[in-house]
$ cat start_31.cif   # mmCIF, C-alpha atoms and all ligand atoms
data_target
#
loop_
_atom_site.label_atom_id
_atom_site.label_comp_id
_atom_site.auth_asym_id
_atom_site.auth_seq_id
_atom_site.Cartn_x
_atom_site.Cartn_y
_atom_site.Cartn_z
CA MET A 1 0.00 0.00 0.00
CA LEU A 2 2.54 2.52 -1.28
CA ARG A 3 0.17 5.44 -1.06
CA TYR A 4 0.14 5.21 2.72
CA LEU A 5 3.87 5.03 3.34
CA SER A 6 4.23 8.79 3.56
CA VAL A 7 1.68 9.04 6.36
CA LEU A 8 2.57 5.91 8.30
CA PRO A 9 4.14 7.65 11.31
CA LEU A 10 1.15 9.97 11.52
CA LEU A 11 -1.22 7.04 11.26
CA ALA A 12 0.53 5.12 13.99
CA SER A 13 0.27 8.01 16.44
CA SER A 14 -3.28 8.82 15.46
CA MET A 15 -4.53 5.25 15.85
CA MET A 16 -3.70 5.50 19.53
CA GLY A 17 -6.67 7.78 20.04
CA ALA A 18 -9.06 5.76 17.92
CA ASP A 19 -10.36 3.80 20.90
CA GLU A 20 -11.36 6.88 22.90
CA PRO A 21 -15.02 6.75 23.93
CA VAL A 22 -17.36 8.30 21.40
CA ILE A 23 -18.80 11.62 22.56
CA TYR A 24 -22.58 11.51 22.72
CA ASP A 25 -22.93 14.10 25.48
CA GLU A 26 -23.12 17.78 24.55
CA ALA A 27 -21.33 18.68 27.81
CA LYS A 28 -18.26 16.75 26.60
CA VAL A 29 -17.92 18.65 23.33
CA PRO A 30 -14.64 20.57 23.57
CA SER A 31 -14.60 24.32 23.13
CA TYR A 32 -13.40 25.23 19.68
CA THR A 33 -12.87 28.17 17.36
CA LEU A 34 -14.07 27.83 13.80
CA PRO A 35 -12.02 29.18 10.91
CA ASP A 36 -13.76 32.21 9.39
CA PRO A 37 -15.10 31.70 5.85
CA LEU A 38 -14.99 35.47 5.37
CA ARG A 39 -11.32 35.98 6.15
CA PHE A 40 -8.53 35.23 3.70
CA GLU A 41 -5.73 32.98 4.91
CA ASN A 42 -3.50 36.08 5.18
CA GLY A 43 -5.94 37.51 7.74
CA GLU A 44 -7.50 40.11 5.44
CA PRO A 45 -11.29 40.32 5.67
CA VAL A 46 -13.57 39.45 2.76
CA LYS A 47 -15.43 42.74 2.53
CA THR A 48 -17.72 42.56 -0.47
CA SER A 49 -19.28 39.99 -2.75
CA ALA A 50 -16.62 40.94 -5.32
CA ASP A 51 -13.97 39.47 -2.97
CA TRP A 52 -15.81 36.15 -2.65
CA PRO A 53 -14.63 34.33 -5.83
CA LYS A 54 -11.03 34.72 -4.66
CA ARG A 55 -11.82 33.45 -1.16
CA ARG A 56 -13.93 30.67 -2.66
CA ALA A 57 -10.97 29.51 -4.74
CA GLU A 58 -8.75 29.62 -1.67
CA LEU A 59 -11.17 27.50 0.38
CA LEU A 60 -11.66 25.04 -2.44
CA GLY A 61 -7.89 24.64 -2.60
CA LEU A 62 -7.76 23.95 1.15
CA PHE A 63 -10.46 21.29 0.97
CA GLU A 64 -8.59 19.70 -1.93
CA ALA A 65 -5.24 19.78 -0.18
CA HIS A 66 -6.36 18.72 3.31
CA VAL A 67 -9.65 16.82 3.10
CA TYR A 68 -10.93 15.27 -0.14
CA GLY A 69 -7.88 15.55 -2.41
CA LYS A 70 -7.65 17.25 -5.75
CA THR A 71 -9.68 15.84 -8.60
CA PRO A 72 -7.12 15.51 -11.37
CA VAL A 73 -9.42 15.68 -14.39
CA GLY A 74 -12.75 17.09 -15.52
CA ARG A 75 -14.53 15.53 -18.43
CA PRO A 76 -12.07 13.05 -19.98
CA ALA A 77 -11.23 13.05 -23.68
CA GLY A 78 -13.06 10.22 -25.38
CA MET A 79 -15.96 10.26 -22.92
CA HIS A 80 -19.19 9.41 -24.73
CA PHE A 81 -22.80 8.53 -24.06
CA GLU A 82 -24.43 5.28 -25.14
CA PRO A 83 -28.24 5.18 -24.87
CA ARG A 84 -29.08 1.55 -24.06
CA LYS A 85 -32.77 1.45 -23.24
CA LYS A 86 -35.88 3.60 -23.52
CA ILE A 87 -39.34 2.74 -22.25
CA ASP A 88 -42.04 5.28 -22.97
CA SER A 89 -44.47 4.07 -20.36
CA PHE A 90 -43.16 3.45 -16.87
CA LEU A 91 -44.91 3.75 -13.48
CA GLY A 92 -48.28 3.18 -15.05
CA GLY A 93 -47.66 5.70 -17.80
CA LYS A 94 -46.72 8.70 -15.68
CA ALA A 95 -42.99 8.36 -16.42
CA THR A 96 -40.44 7.31 -19.01
CA LEU A 97 -37.39 5.18 -18.28
CA GLU A 98 -34.02 5.46 -19.97
CA GLU A 99 -30.69 3.81 -19.37
CA ILE A 100 -27.57 5.56 -20.59
CA ARG A 101 -24.03 4.29 -20.26
CA ILE A 102 -21.36 6.96 -19.91
CA HIS A 103 -18.07 5.60 -21.17
CA PHE A 104 -15.00 7.37 -19.84
CA ARG A 105 -12.78 6.75 -22.83
CA GLU A 106 -13.03 5.93 -26.55
CA GLY A 107 -14.57 2.56 -27.36
CA ASP A 108 -16.64 0.47 -25.02
CA ASP A 109 -14.13 -1.57 -23.04
CA GLY A 110 -13.10 1.11 -20.56
CA PRO A 111 -14.70 2.11 -17.26
CA PHE A 112 -18.26 3.41 -17.40
CA VAL A 113 -21.17 4.44 -15.26
CA ASP A 114 -24.73 3.33 -15.95
CA VAL A 115 -27.34 6.05 -15.49
CA LEU A 116 -31.01 5.30 -14.87
CA LEU A 117 -33.06 8.30 -15.91
CA ILE A 118 -36.71 8.49 -14.88
CA LYS A 119 -38.58 11.48 -16.30
CA PRO A 120 -42.16 12.66 -16.04
CA ALA A 121 -44.06 11.52 -19.15
CA LYS A 122 -44.92 15.16 -19.83
CA PRO A 123 -41.97 17.28 -18.71
CA ALA A 124 -42.52 21.03 -18.37
CA VAL A 125 -41.77 23.30 -21.32
CA GLY A 126 -38.08 24.14 -20.87
CA GLY A 127 -37.48 20.76 -19.27
CA ALA A 128 -38.04 19.08 -15.92
CA PRO A 129 -35.98 19.95 -12.84
CA ALA A 130 -33.89 16.91 -11.95
CA PHE A 131 -32.08 15.18 -9.11
CA VAL A 132 -28.75 13.49 -9.66
CA GLY A 133 -29.04 10.82 -6.98
CA VAL A 134 -26.13 8.61 -6.04
CA ASN A 135 -27.23 5.12 -4.99
CA PHE A 136 -25.71 2.39 -2.81
CA THR A 137 -27.02 -0.85 -4.29
CA GLY A 138 -27.22 -0.47 -8.06
CA ASN A 139 -29.87 1.22 -10.20
CA HIS A 140 -32.09 -1.84 -9.87
CA GLY A 141 -32.17 -1.17 -6.10
CA VAL A 142 -34.27 1.98 -6.50
CA HIS A 143 -37.40 0.19 -7.78
CA PRO A 144 -38.50 -3.47 -8.06
CA SER A 145 -39.32 -3.25 -11.80
CA THR A 146 -37.66 -5.96 -13.91
CA GLU A 147 -37.35 -3.32 -16.68
CA ILE A 148 -34.33 -1.91 -14.85
CA THR A 149 -31.12 -3.68 -15.81
CA LEU A 150 -29.61 -5.67 -12.95
CA SER A 151 -26.15 -4.38 -12.10
CA THR A 152 -23.31 -6.84 -12.61
CA ALA A 153 -20.80 -4.64 -10.78
CA TRP A 154 -19.09 -5.33 -7.46
CA MET A 155 -21.61 -4.95 -4.67
CA ARG A 156 -21.30 -4.73 -0.91
CA GLU A 157 -23.72 -6.85 1.06
CA SER A 158 -24.06 -4.41 3.92
CA ASN A 159 -22.61 -1.03 4.84
CA GLU A 160 -20.06 -2.57 7.18
CA PRO A 161 -16.47 -2.04 6.05
CA GLU A 162 -14.59 -5.18 5.12
CA LYS A 163 -11.69 -6.16 7.31
CA LYS A 164 -8.29 -5.27 5.90
CA GLY A 165 -7.50 -7.46 2.91
CA GLN A 166 -10.97 -8.99 2.89
CA VAL A 167 -12.93 -8.34 -0.29
CA ILE A 168 -16.30 -10.02 -0.44
CA ASP A 169 -17.85 -9.93 -3.87
CA HIS A 170 -21.61 -10.04 -3.72
CA ARG A 171 -23.08 -9.90 -7.22
CA SER A 172 -26.66 -8.71 -7.37
CA THR A 173 -29.48 -11.19 -7.76
CA GLU A 174 -33.10 -10.74 -8.79
CA ALA A 175 -33.94 -10.70 -5.08
CA SER A 176 -32.09 -7.41 -4.68
CA ARG A 177 -34.43 -5.51 -7.00
CA GLY A 178 -35.96 -2.59 -5.15
CA ASN A 179 -33.94 -3.24 -1.98
CA GLN A 180 -33.63 0.54 -1.44
CA ALA A 181 -36.95 1.53 -3.03
CA SER A 182 -38.15 3.26 0.13
CA ARG A 183 -35.31 5.78 -0.31
CA TRP A 184 -36.28 6.60 -3.90
CA PRO A 185 -40.00 7.49 -4.12
CA LEU A 186 -40.08 7.62 -7.92
CA ALA A 187 -43.83 8.25 -8.22
CA MET A 188 -43.64 11.17 -5.78
CA ILE A 189 -40.73 12.64 -7.72
CA VAL A 190 -42.40 12.49 -11.13
CA ASP A 191 -45.76 13.59 -9.70
CA ALA A 192 -43.94 16.76 -8.65
CA GLY A 193 -42.80 17.20 -12.26
CA CYS A 194 -39.21 16.22 -11.54
CA ALA A 195 -36.78 13.72 -13.02
CA LEU A 196 -34.30 11.43 -11.28
CA ALA A 197 -30.95 10.49 -12.79
CA THR A 198 -29.42 7.90 -10.52
CA PHE A 199 -26.15 5.97 -10.67
CA TYR A 200 -24.45 3.31 -8.60
CA TYR A 201 -21.41 4.69 -6.77
CA GLY A 202 -19.55 1.38 -7.17
CA ASP A 203 -19.48 1.87 -10.96
CA ILE A 204 -17.19 4.83 -10.34
CA ASP A 205 -15.14 3.31 -7.54
CA PRO A 206 -15.94 0.10 -5.67
CA ASP A 207 -16.12 1.02 -1.99
CA PHE A 208 -13.23 -0.88 -0.48
CA ASP A 209 -9.60 -0.12 0.24
CA ASP A 210 -7.66 -1.66 -2.65
CA GLY A 211 -4.97 0.98 -3.08
CA PHE A 212 -6.96 2.46 -5.99
CA GLU A 213 -6.30 -0.40 -8.37
CA ASN A 214 -9.84 -0.41 -9.72
CA GLY A 215 -12.58 2.05 -10.62
CA ILE A 216 -11.95 5.40 -12.16
CA HIS A 217 -8.62 5.84 -10.38
CA ALA A 218 -7.21 3.02 -12.52
CA LEU A 219 -7.89 5.08 -15.64
CA PHE A 220 -6.16 8.21 -14.37
CA GLY A 221 -3.32 6.66 -12.38
CA LYS A 222 -2.70 6.13 -8.69
CA PRO A 223 -3.57 9.24 -6.72
CA GLY A 224 -0.90 11.12 -4.83
CA PRO A 225 -1.36 11.89 -1.11
CA ALA A 226 -3.27 15.12 -1.81
CA GLU A 227 -5.34 13.71 -4.67
CA TRP A 228 -8.85 12.30 -4.80
CA GLY A 229 -9.93 9.33 -2.75
CA SER A 230 -13.24 7.55 -3.27
CA ILE A 231 -15.46 10.47 -2.21
CA GLY A 232 -13.66 12.65 -4.76
CA ALA A 233 -14.23 9.99 -7.39
CA TRP A 234 -17.94 9.56 -6.62
CA ALA A 235 -18.39 13.35 -6.70
CA TRP A 236 -16.67 13.43 -10.09
CA GLY A 237 -19.15 10.79 -11.25
CA ALA A 238 -22.06 13.06 -10.31
CA SER A 239 -20.57 15.78 -12.51
CA ARG A 240 -20.30 13.40 -15.44
CA VAL A 241 -24.01 12.58 -15.05
CA MET A 242 -24.62 16.33 -15.11
CA ASP A 243 -22.67 16.42 -18.39
CA TYR A 244 -25.23 14.03 -19.80
CA LEU A 245 -28.26 15.90 -18.44
CA GLU A 246 -27.03 19.04 -20.18
CA THR A 247 -27.56 17.22 -23.50
CA ASP A 248 -31.19 16.26 -22.77
CA PRO A 249 -33.72 18.94 -23.81
CA ALA A 250 -36.37 17.34 -21.57
CA ILE A 251 -34.27 18.33 -18.53
CA ASP A 252 -33.87 21.88 -17.25
CA SER A 253 -30.14 21.75 -16.57
CA LYS A 254 -30.34 25.04 -14.65
CA LYS A 255 -32.46 23.24 -12.05
CA VAL A 256 -30.47 20.18 -11.17
CA ALA A 257 -29.89 19.08 -7.57
CA VAL A 258 -27.22 16.61 -6.50
CA MET A 259 -28.42 14.36 -3.69
CA GLY A 260 -26.89 11.66 -1.55
CA HIS A 261 -27.29 9.95 1.81
CA SER A 262 -24.60 9.34 4.40
CA ARG A 263 -21.23 8.74 2.67
CA LEU A 264 -23.04 9.75 -0.50
CA GLY A 265 -24.25 12.90 1.29
CA LYS A 266 -20.59 13.77 1.85
CA THR A 267 -20.16 13.06 -1.85
CA ALA A 268 -23.07 15.33 -2.83
CA LEU A 269 -21.64 18.21 -0.81
CA TRP A 270 -18.19 17.85 -2.35
CA ALA A 271 -19.69 17.54 -5.84
CA GLY A 272 -21.79 20.66 -5.32
CA ALA A 273 -18.91 22.60 -3.79
CA GLN A 274 -16.78 22.00 -6.87
CA ASP A 275 -19.31 21.98 -9.69
CA GLU A 276 -21.33 25.19 -9.82
CA ARG A 277 -23.71 23.76 -12.42
CA PHE A 278 -25.61 22.12 -9.55
CA ALA A 279 -28.28 24.64 -8.58
CA MET A 280 -29.07 22.74 -5.39
CA VAL A 281 -27.13 20.40 -3.13
CA ILE A 282 -28.68 17.92 -0.70
CA SER A 283 -26.84 16.43 2.24
CA ASN A 284 -28.99 13.70 3.75
CA ASN A 285 -27.52 12.60 7.11
CA SER A 286 -23.96 13.15 5.82
CA GLY A 287 -22.23 13.44 9.22
CA CYS A 288 -18.46 13.42 9.68
CA GLY A 289 -16.59 14.62 6.61
CA GLY A 290 -19.96 15.88 5.32
CA ALA A 291 -22.06 18.56 6.96
CA ALA A 292 -21.02 17.94 10.60
CA LEU A 293 -18.40 20.21 12.15
CA SER A 294 -15.23 18.18 12.71
CA ARG A 295 -14.09 20.29 15.65
CA ARG A 296 -17.06 19.21 17.78
CA ARG A 297 -15.73 15.62 17.80
CA PHE A 298 -19.30 14.46 18.53
CA GLY A 299 -20.19 10.97 17.28
CA GLU A 300 -17.94 9.85 14.45
CA ARG A 301 -14.57 11.60 14.45
CA VAL A 302 -11.94 12.23 11.79
CA GLY A 303 -9.60 9.57 13.20
CA ARG A 304 -12.34 7.00 13.31
CA ILE A 305 -13.57 7.60 9.77
CA ASN A 306 -10.04 7.55 8.34
CA THR A 307 -9.33 4.29 10.15
CA SER A 308 -12.56 2.56 9.10
CA PHE A 309 -12.50 3.92 5.55
CA PRO A 310 -8.90 4.79 4.63
CA HIS A 311 -9.82 5.23 0.97
CA TRP A 312 -12.58 7.84 1.28
CA PHE A 313 -10.51 11.00 1.75
CA ALA A 314 -7.07 12.20 0.68
CA ASP A 315 -4.16 10.73 2.63
CA THR A 316 -3.40 14.24 3.85
CA PHE A 317 -6.67 14.20 5.84
CA HIS A 318 -5.22 11.45 8.05
CA GLN A 319 -2.84 13.91 9.70
CA TYR A 320 -5.89 15.39 11.48
CA ASN A 321 -6.84 12.13 13.20
CA GLU A 322 -7.36 13.04 16.87
CA ASN A 323 -6.22 16.54 15.91
CA GLU A 324 -9.25 18.25 14.40
CA ALA A 325 -8.28 21.65 15.78
CA ALA A 326 -5.31 21.74 13.40
CA LEU A 327 -7.52 21.46 10.30
CA PRO A 328 -7.23 24.64 8.25
CA VAL A 329 -10.93 24.32 7.37
CA ASP A 330 -14.13 23.04 8.93
CA GLN A 331 -17.27 21.77 7.29
CA HIS A 332 -19.32 25.01 7.51
CA GLN A 333 -16.87 26.29 4.91
CA LEU A 334 -17.80 23.40 2.64
CA ILE A 335 -21.43 24.52 2.89
CA ALA A 336 -20.27 28.07 2.18
CA LEU A 337 -18.62 26.89 -1.06
CA ILE A 338 -22.12 26.14 -2.34
CA ALA A 339 -23.25 29.78 -1.86
CA PRO A 340 -25.28 31.43 -3.25
CA ARG A 341 -26.91 28.23 -4.51
CA LEU A 342 -29.49 26.33 -2.48
CA VAL A 343 -28.09 23.87 0.02
CA TYR A 344 -30.25 21.50 2.05
CA VAL A 345 -28.82 19.91 5.19
CA ALA A 346 -31.02 17.16 6.63
CA SER A 347 -30.50 15.34 9.93
CA ALA A 348 -32.33 12.55 11.75
CA VAL A 349 -32.76 12.69 15.51
CA GLU A 350 -31.67 9.09 16.15
CA ASP A 351 -28.60 9.51 13.94
CA GLU A 352 -26.26 10.67 16.70
CA TRP A 353 -23.23 9.10 15.00
CA ALA A 354 -23.63 11.82 12.33
CA ASP A 355 -23.97 14.62 14.95
CA PRO A 356 -27.25 16.34 13.97
CA ARG A 357 -26.36 19.43 16.00
CA GLY A 358 -22.98 19.67 14.27
CA GLU A 359 -24.76 19.44 10.92
CA PHE A 360 -27.10 22.24 11.97
CA LEU A 361 -24.26 24.44 13.21
CA SER A 362 -22.43 24.09 9.90
CA ALA A 363 -25.54 25.44 8.20
CA VAL A 364 -25.65 28.33 10.72
CA HIS A 365 -21.99 29.25 10.27
CA ALA A 366 -22.17 29.20 6.47
CA GLY A 367 -24.84 31.91 6.79
CA PRO A 368 -22.58 34.98 6.66
CA VAL A 369 -21.34 33.97 3.19
CA TYR A 370 -24.90 33.66 1.88
CA GLU A 371 -25.74 37.03 3.40
CA LEU A 372 -22.69 38.63 1.78
CA LEU A 373 -23.98 37.32 -1.54
CA GLY A 374 -27.44 38.78 -0.91
CA LYS A 375 -29.18 35.55 0.10
CA LYS A 376 -31.06 34.54 3.22
CA GLY A 377 -29.58 31.56 5.03
CA LEU A 378 -31.28 29.59 7.76
CA GLY A 379 -32.88 32.53 9.54
CA VAL A 380 -32.58 30.79 12.94
CA LYS A 381 -29.74 30.20 15.40
CA GLU A 382 -31.43 27.49 17.47
CA MET A 383 -32.20 24.02 16.22
CA PRO A 384 -35.79 23.75 15.02
CA GLU A 385 -38.36 21.33 16.42
CA LEU A 386 -38.53 17.85 14.91
CA ASN A 387 -40.01 17.72 11.41
CA ALA A 388 -40.11 21.52 11.06
CA ALA A 389 -37.98 22.59 8.12
CA VAL A 390 -36.39 26.05 8.25
CA GLY A 391 -34.42 28.37 5.97
CA GLU A 392 -34.32 29.78 2.48
CA SER A 393 -31.11 29.41 0.50
CA ILE A 394 -29.72 27.29 3.33
CA ARG A 395 -32.36 24.86 4.53
CA TYR A 396 -32.34 22.45 7.39
CA HIS A 397 -34.54 19.93 9.10
CA ILE A 398 -34.17 17.31 11.76
CA ARG A 399 -36.76 14.62 11.35
CA SER A 400 -37.85 11.90 13.71
CA GLY A 401 -36.35 8.47 13.15
CA LYS A 402 -33.04 7.00 12.23
CA HIS A 403 -30.24 7.29 9.68
CA ASP A 404 -32.18 6.84 6.44
CA VAL A 405 -33.93 8.65 3.60
CA THR A 406 -37.69 8.88 4.04
CA ASP A 407 -40.70 10.37 2.29
CA TYR A 408 -40.55 13.28 4.73
CA ASP A 409 -37.04 14.09 3.49
CA TRP A 410 -38.13 13.90 -0.15
CA GLU A 411 -41.20 16.08 0.47
CA GLN A 412 -38.85 18.82 1.66
CA TYR A 413 -36.44 18.38 -1.26
CA LEU A 414 -39.31 18.56 -3.73
CA LYS A 415 -40.61 21.77 -2.13
CA ALA A 416 -37.12 23.23 -2.28
CA ILE A 417 -36.45 22.36 -5.93
CA ALA A 418 -39.86 23.81 -6.87
CA GLY A 419 -38.63 27.18 -5.64
CA LEU A 420 -35.58 27.31 -7.93
C1 LIG B 1 -20.76 4.68 8.43
C2 LIG B 1 -19.79 5.82 8.46
C3 LIG B 1 -20.54 7.11 8.24
C4 LIG B 1 -21.50 7.02 7.10
C5 LIG B 1 -22.15 5.68 6.94
C6 LIG B 1 -22.78 5.40 5.58
O1 LIG B 1 -20.20 3.47 8.75
O2 LIG B 1 -19.15 5.82 9.72
O3 LIG B 1 -19.61 8.16 8.07
O4 LIG B 1 -20.91 7.42 5.94
O5 LIG B 1 -21.28 4.64 7.13
O6 LIG B 1 -22.34 5.90 4.56
O7 LIG B 1 -23.70 4.60 5.56
#
$ encode --input "start_31.cif" --output "structure tokens"
Amino acid sequence: MLRYLSVLPLLASSMMGADEPVIYDEAKVPSYTLPDPLRFENGEPVKTSADWPKRRAELLGLFEAHVYGKTPVGRPAGMHFEPRKKIDSFLGGKATLEEIRIHFREGDDGPFVDVLLIKPAKPAVGGAPAFVGVNFTGNHGVHPSTEITLSTAWMRESNEPEKKGQVIDHRSTEASRGNQASRWPLAMIVDAGCALATFYYGDIDPDFDDGFENGIHALFGKPGPAEWGSIGAWAWGASRVMDYLETDPAIDSKKVAVMGHSRLGKTALWAGAQDERFAMVISNNSGCGGAALSRRRFGERVGRINTSFPHWFADTFHQYNENEAALPVDQHQLIALIAPRLVYVASAVEDEWADPRGEFLSAVHAGPVYELLGKKGLGVKEMPELNAAVGESIRYHIRSGKHDVTDYDWEQYLKAIAGL
């Protein structure tokens, strides 16, 4: 595992703290000072909206260098779209179904991502608003229909990380059709006039620590210590799906939201921070390395996530294991990178591992950037009641229940996208 040699001493020292008890008590949250999104690294203040692009570029560079790693390429030469299926009547006639393969180099033997595109049968003039949704279990997991092609890609059986060196290959079976359907209410989405373009994250990079031998990294070469890990790769995949949507006249590409849950919520935030074509960004229960403030150390911590999932972030992020205060950024600044576009941060009350309060506070502390750019942020400083969404260009809710995506979450996302 060559890529880790450079950080081995850091890893060894940081692992010592990995067994510390998890903080689930607000009284045990350490006091901390957040880095100011509206102050340049040289200490100068960001005074007007005209200063923001420069500060934005600076912050983006810091997140690349210290957290997610730099994405080495945009749209690769030779990338092309292969329409593979079109069904004019899906969901009882209210929708159409398309499958498009995006090949990442000339020919058809290179890496690709399969996109499942569900559109309202009668999209609005000017095109339907759309969600780019990253899925965990293959496109066939979003709905039980046998019309959807069964993924033949590497598949994890559960969300538990494999033990070091252990790679279990679970290919999908017919029984797995619709296994995440409750998270993807297709009828509700098209009834609201919206489209869903979903892709399986494992097409871009299978989610295990293999030293970046497979997936998209294989095409572009082994990443250096400050280059993209898996989250960077998945986020890049969302942008390639956006490339496709821009070619479809039935989609309003000015109203596209990127959406993901949990590790894919982290992915959605990083995709939206980098790619300003996304008009809206949805973090569903994204937690540590997503919306939650790292400095609070509540629930999952930087050291823990880097130990469980060494491939998700850049190697450089590992130097902050048990040392969050040294991070040059915190996650409210990631939210700020989405300004002035709409960002939706959603928590679940039983999802303490993801630190709902830390997710809320990130949304609060991104507010000054939105205000500088003439937008209204959350409008509140205290956490709202359960199931009571707040905010305008920054929105937030904490719903009852556990770590999941529910109809309540989607109802809020559909209301938000309708306002774009
Ligand atoms: C957990 C991880 C979280 C979250 C979650 C998921 O094991 O600690 O950060 O990403 O997985 O993606 O389901």
$ residues_near_ligand --input "start_31.cif" --ligand "ligand LIG 1 (chain B)" --cutoff "9 Å" --atoms "only C-alpha atoms and all ligand atoms" --output "NGL selection string"
:A and (136 or 159-161 or 261-266 or 285-290 or 300-301 or 304-305 or 308-309 or 353-354 or 403-404)
$ residues_around --input "start_31.cif" --residues "segment 32-46 of chain A" --least-positions-apart "5" --cutoff "8 Å" --atoms "only C-alpha atoms" --output "list in words"
Asp51, Trp52, Arg55, Glu58, Leu59, Arg295, Arg296, Ala325, Pro328, Val329, Asp330, Gln333, Ala336, Ala366, Pro368 and Val369 of chain A
$ write_last_selection --input "start_31.cif" --atoms "C-alpha atoms" --output "PDB file, in the frame of the given file"
ATOM      1  CA  ASP A  51     -13.970  39.470  -2.970  1.00  0.00           C
ATOM      2  CA  TRP A  52     -15.810  36.150  -2.650  1.00  0.00           C
ATOM      3  CA  ARG A  55     -11.820  33.450  -1.160  1.00  0.00           C
ATOM      4  CA  GLU A  58      -8.750  29.620  -1.670  1.00  0.00           C
ATOM      5  CA  LEU A  59     -11.170  27.500   0.380  1.00  0.00           C
ATOM      6  CA  ARG A 295     -14.090  20.290  15.650  1.00  0.00           C
ATOM      7  CA  ARG A 296     -17.060  19.210  17.780  1.00  0.00           C
ATOM      8  CA  ALA A 325      -8.280  21.650  15.780  1.00  0.00           C
ATOM      9  CA  PRO A 328      -7.230  24.640   8.250  1.00  0.00           C
ATOM     10  CA  VAL A 329     -10.930  24.320   7.370  1.00  0.00           C
ATOM     11  CA  ASP A 330     -14.130  23.040   8.930  1.00  0.00           C
ATOM     12  CA  GLN A 333     -16.870  26.290   4.910  1.00  0.00           C
ATOM     13  CA  ALA A 336     -20.270  28.070   2.180  1.00  0.00           C
ATOM     14  CA  ALA A 366     -22.170  29.200   6.470  1.00  0.00           C
ATOM     15  CA  PRO A 368     -22.580  34.980   6.660  1.00  0.00           C
ATOM     16  CA  VAL A 369     -21.340  33.970   3.190  1.00  0.00           C
TER      17      VAL A 369
END
$ atom_distance --input "start_31.cif" --atom1 "atom CA of Asp205 of chain A" --atom2 "atom CA of Trp228 of chain A"
11.3 Å
$ atom_distance --input "start_31.cif" --atom1 "atom CA of Lys94 of chain A" --atom2 "atom CA of His80 of chain A"
29.0 Å
$ residues_around --input "start_31.cif" --residues "Pro144 of chain A" --least-positions-apart "4" --cutoff "12 Å" --atoms "all atoms listed in the file" --output "PDB file with C-alpha atoms, in the frame of the given file"
ATOM      1  CA  LEU A  91     -44.910   3.750 -13.480  1.00  0.00           C
ATOM      2  CA  GLY A 138     -27.220  -0.470  -8.060  1.00  0.00           C
ATOM      3  CA  ASN A 139     -29.870   1.220 -10.200  1.00  0.00           C
ATOM      4  CA  HIS A 140     -32.090  -1.840  -9.870  1.00  0.00           C
ATOM      5  CA  ILE A 148     -34.330  -1.910 -14.850  1.00  0.00           C
ATOM      6  CA  THR A 149     -31.120  -3.680 -15.810  1.00  0.00           C
ATOM      7  CA  LEU A 150     -29.610  -5.670 -12.950  1.00  0.00           C
ATOM      8  CA  THR A 173     -29.480 -11.190  -7.760  1.00  0.00           C
ATOM      9  CA  GLU A 174     -33.100 -10.740  -8.790  1.00  0.00           C
ATOM     10  CA  ALA A 175     -33.940 -10.700  -5.080  1.00  0.00           C
ATOM     11  CA  SER A 176     -32.090  -7.410  -4.680  1.00  0.00           C
ATOM     12  CA  ARG A 177     -34.430  -5.510  -7.000  1.00  0.00           C
ATOM     13  CA  GLY A 178     -35.960  -2.590  -5.150  1.00  0.00           C
ATOM     14  CA  ASN A 179     -33.940  -3.240  -1.980  1.00  0.00           C
ATOM     15  CA  GLN A 180     -33.630   0.540  -1.440  1.00  0.00           C
ATOM     16  CA  ALA A 181     -36.950   1.530  -3.030  1.00  0.00           C
ATOM     17  CA  SER A 182     -38.150   3.260   0.130  1.00  0.00           C
ATOM     18  CA  TRP A 184     -36.280   6.600  -3.900  1.00  0.00           C
ATOM     19  CA  PRO A 185     -40.000   7.490  -4.120  1.00  0.00           C
ATOM     20  CA  LEU A 186     -40.080   7.620  -7.920  1.00  0.00           C
TER      21      LEU A 186
END
$ residues_near_point --input "start_31.cif" --point "(-29.7, 33.3, -4.5)" --cutoff "12 Å" --atoms "all atoms listed in the file" --output "list of chain:residue names"
A:Ala279, A:Met280, A:Ile338, A:Ala339, A:Pro340, A:Arg341, A:Leu342, A:Val343, A:Val369, A:Tyr370, A:Glu371, A:Leu372, A:Leu373, A:Gly374, A:Lys375, A:Lys376, A:Gly377, A:Glu392, A:Ser393, A:Ile394, A:Gly419, A:Leu420
$ closest_residue --input "start_31.cif" --among "A:Leu196, A:Ala416, A:Arg75, A:Asp407" --to "Val281 of chain A" --atoms "all atoms listed in the file"
A:Ala416
$ residues_around --input "start_31.cif" --residues "Ala130 of chain A" --least-positions-apart "3" --cutoff "7 Å" --atoms "only C-alpha atoms" --output "ChimeraX atom specification"
/A:194-196,251,255-257
$ closest_residue --input "start_31.cif" --among "A:Tyr408, A:Gly367, A:Asn284, A:Gly193" --to "Ser347 of chain A" --atoms "only C-alpha atoms"
A:Asn284
$ residues_near_point --input "start_31.cif" --point "(-4.7, 19.4, 15.3)" --cutoff "12 Å" --atoms "only C-alpha atoms" --output "short mmCIF file (atom, residue, chain, number, x, y, z; two decimals) with C-alpha atoms, in the frame of the given file"
data_model
loop_
_atom_site.label_atom_id
_atom_site.label_comp_id
_atom_site.auth_asym_id
_atom_site.auth_seq_id
_atom_site.Cartn_x
_atom_site.Cartn_y
_atom_site.Cartn_z
CA LEU A 10 1.15 9.97 11.52
CA SER A 14 -3.28 8.82 15.46
CA TYR A 32 -13.40 25.23 19.68
CA SER A 294 -15.23 18.18 12.71
CA ARG A 295 -14.09 20.29 15.65
CA ARG A 297 -15.73 15.62 17.80
CA VAL A 302 -11.94 12.23 11.79
CA GLY A 303 -9.60 9.57 13.20
CA PHE A 317 -6.67 14.20 5.84
CA HIS A 318 -5.22 11.45 8.05
CA GLN A 319 -2.84 13.91 9.70
CA TYR A 320 -5.89 15.39 11.48
CA ASN A 321 -6.84 12.13 13.20
CA GLU A 322 -7.36 13.04 16.87
CA ASN A 323 -6.22 16.54 15.91
CA GLU A 324 -9.25 18.25 14.40
CA ALA A 325 -8.28 21.65 15.78
CA ALA A 326 -5.31 21.74 13.40
CA LEU A 327 -7.52 21.46 10.30
CA PRO A 328 -7.23 24.64 8.25
CA VAL A 329 -10.93 24.32 7.37
CA ASP A 330 -14.13 23.04 8.93
#
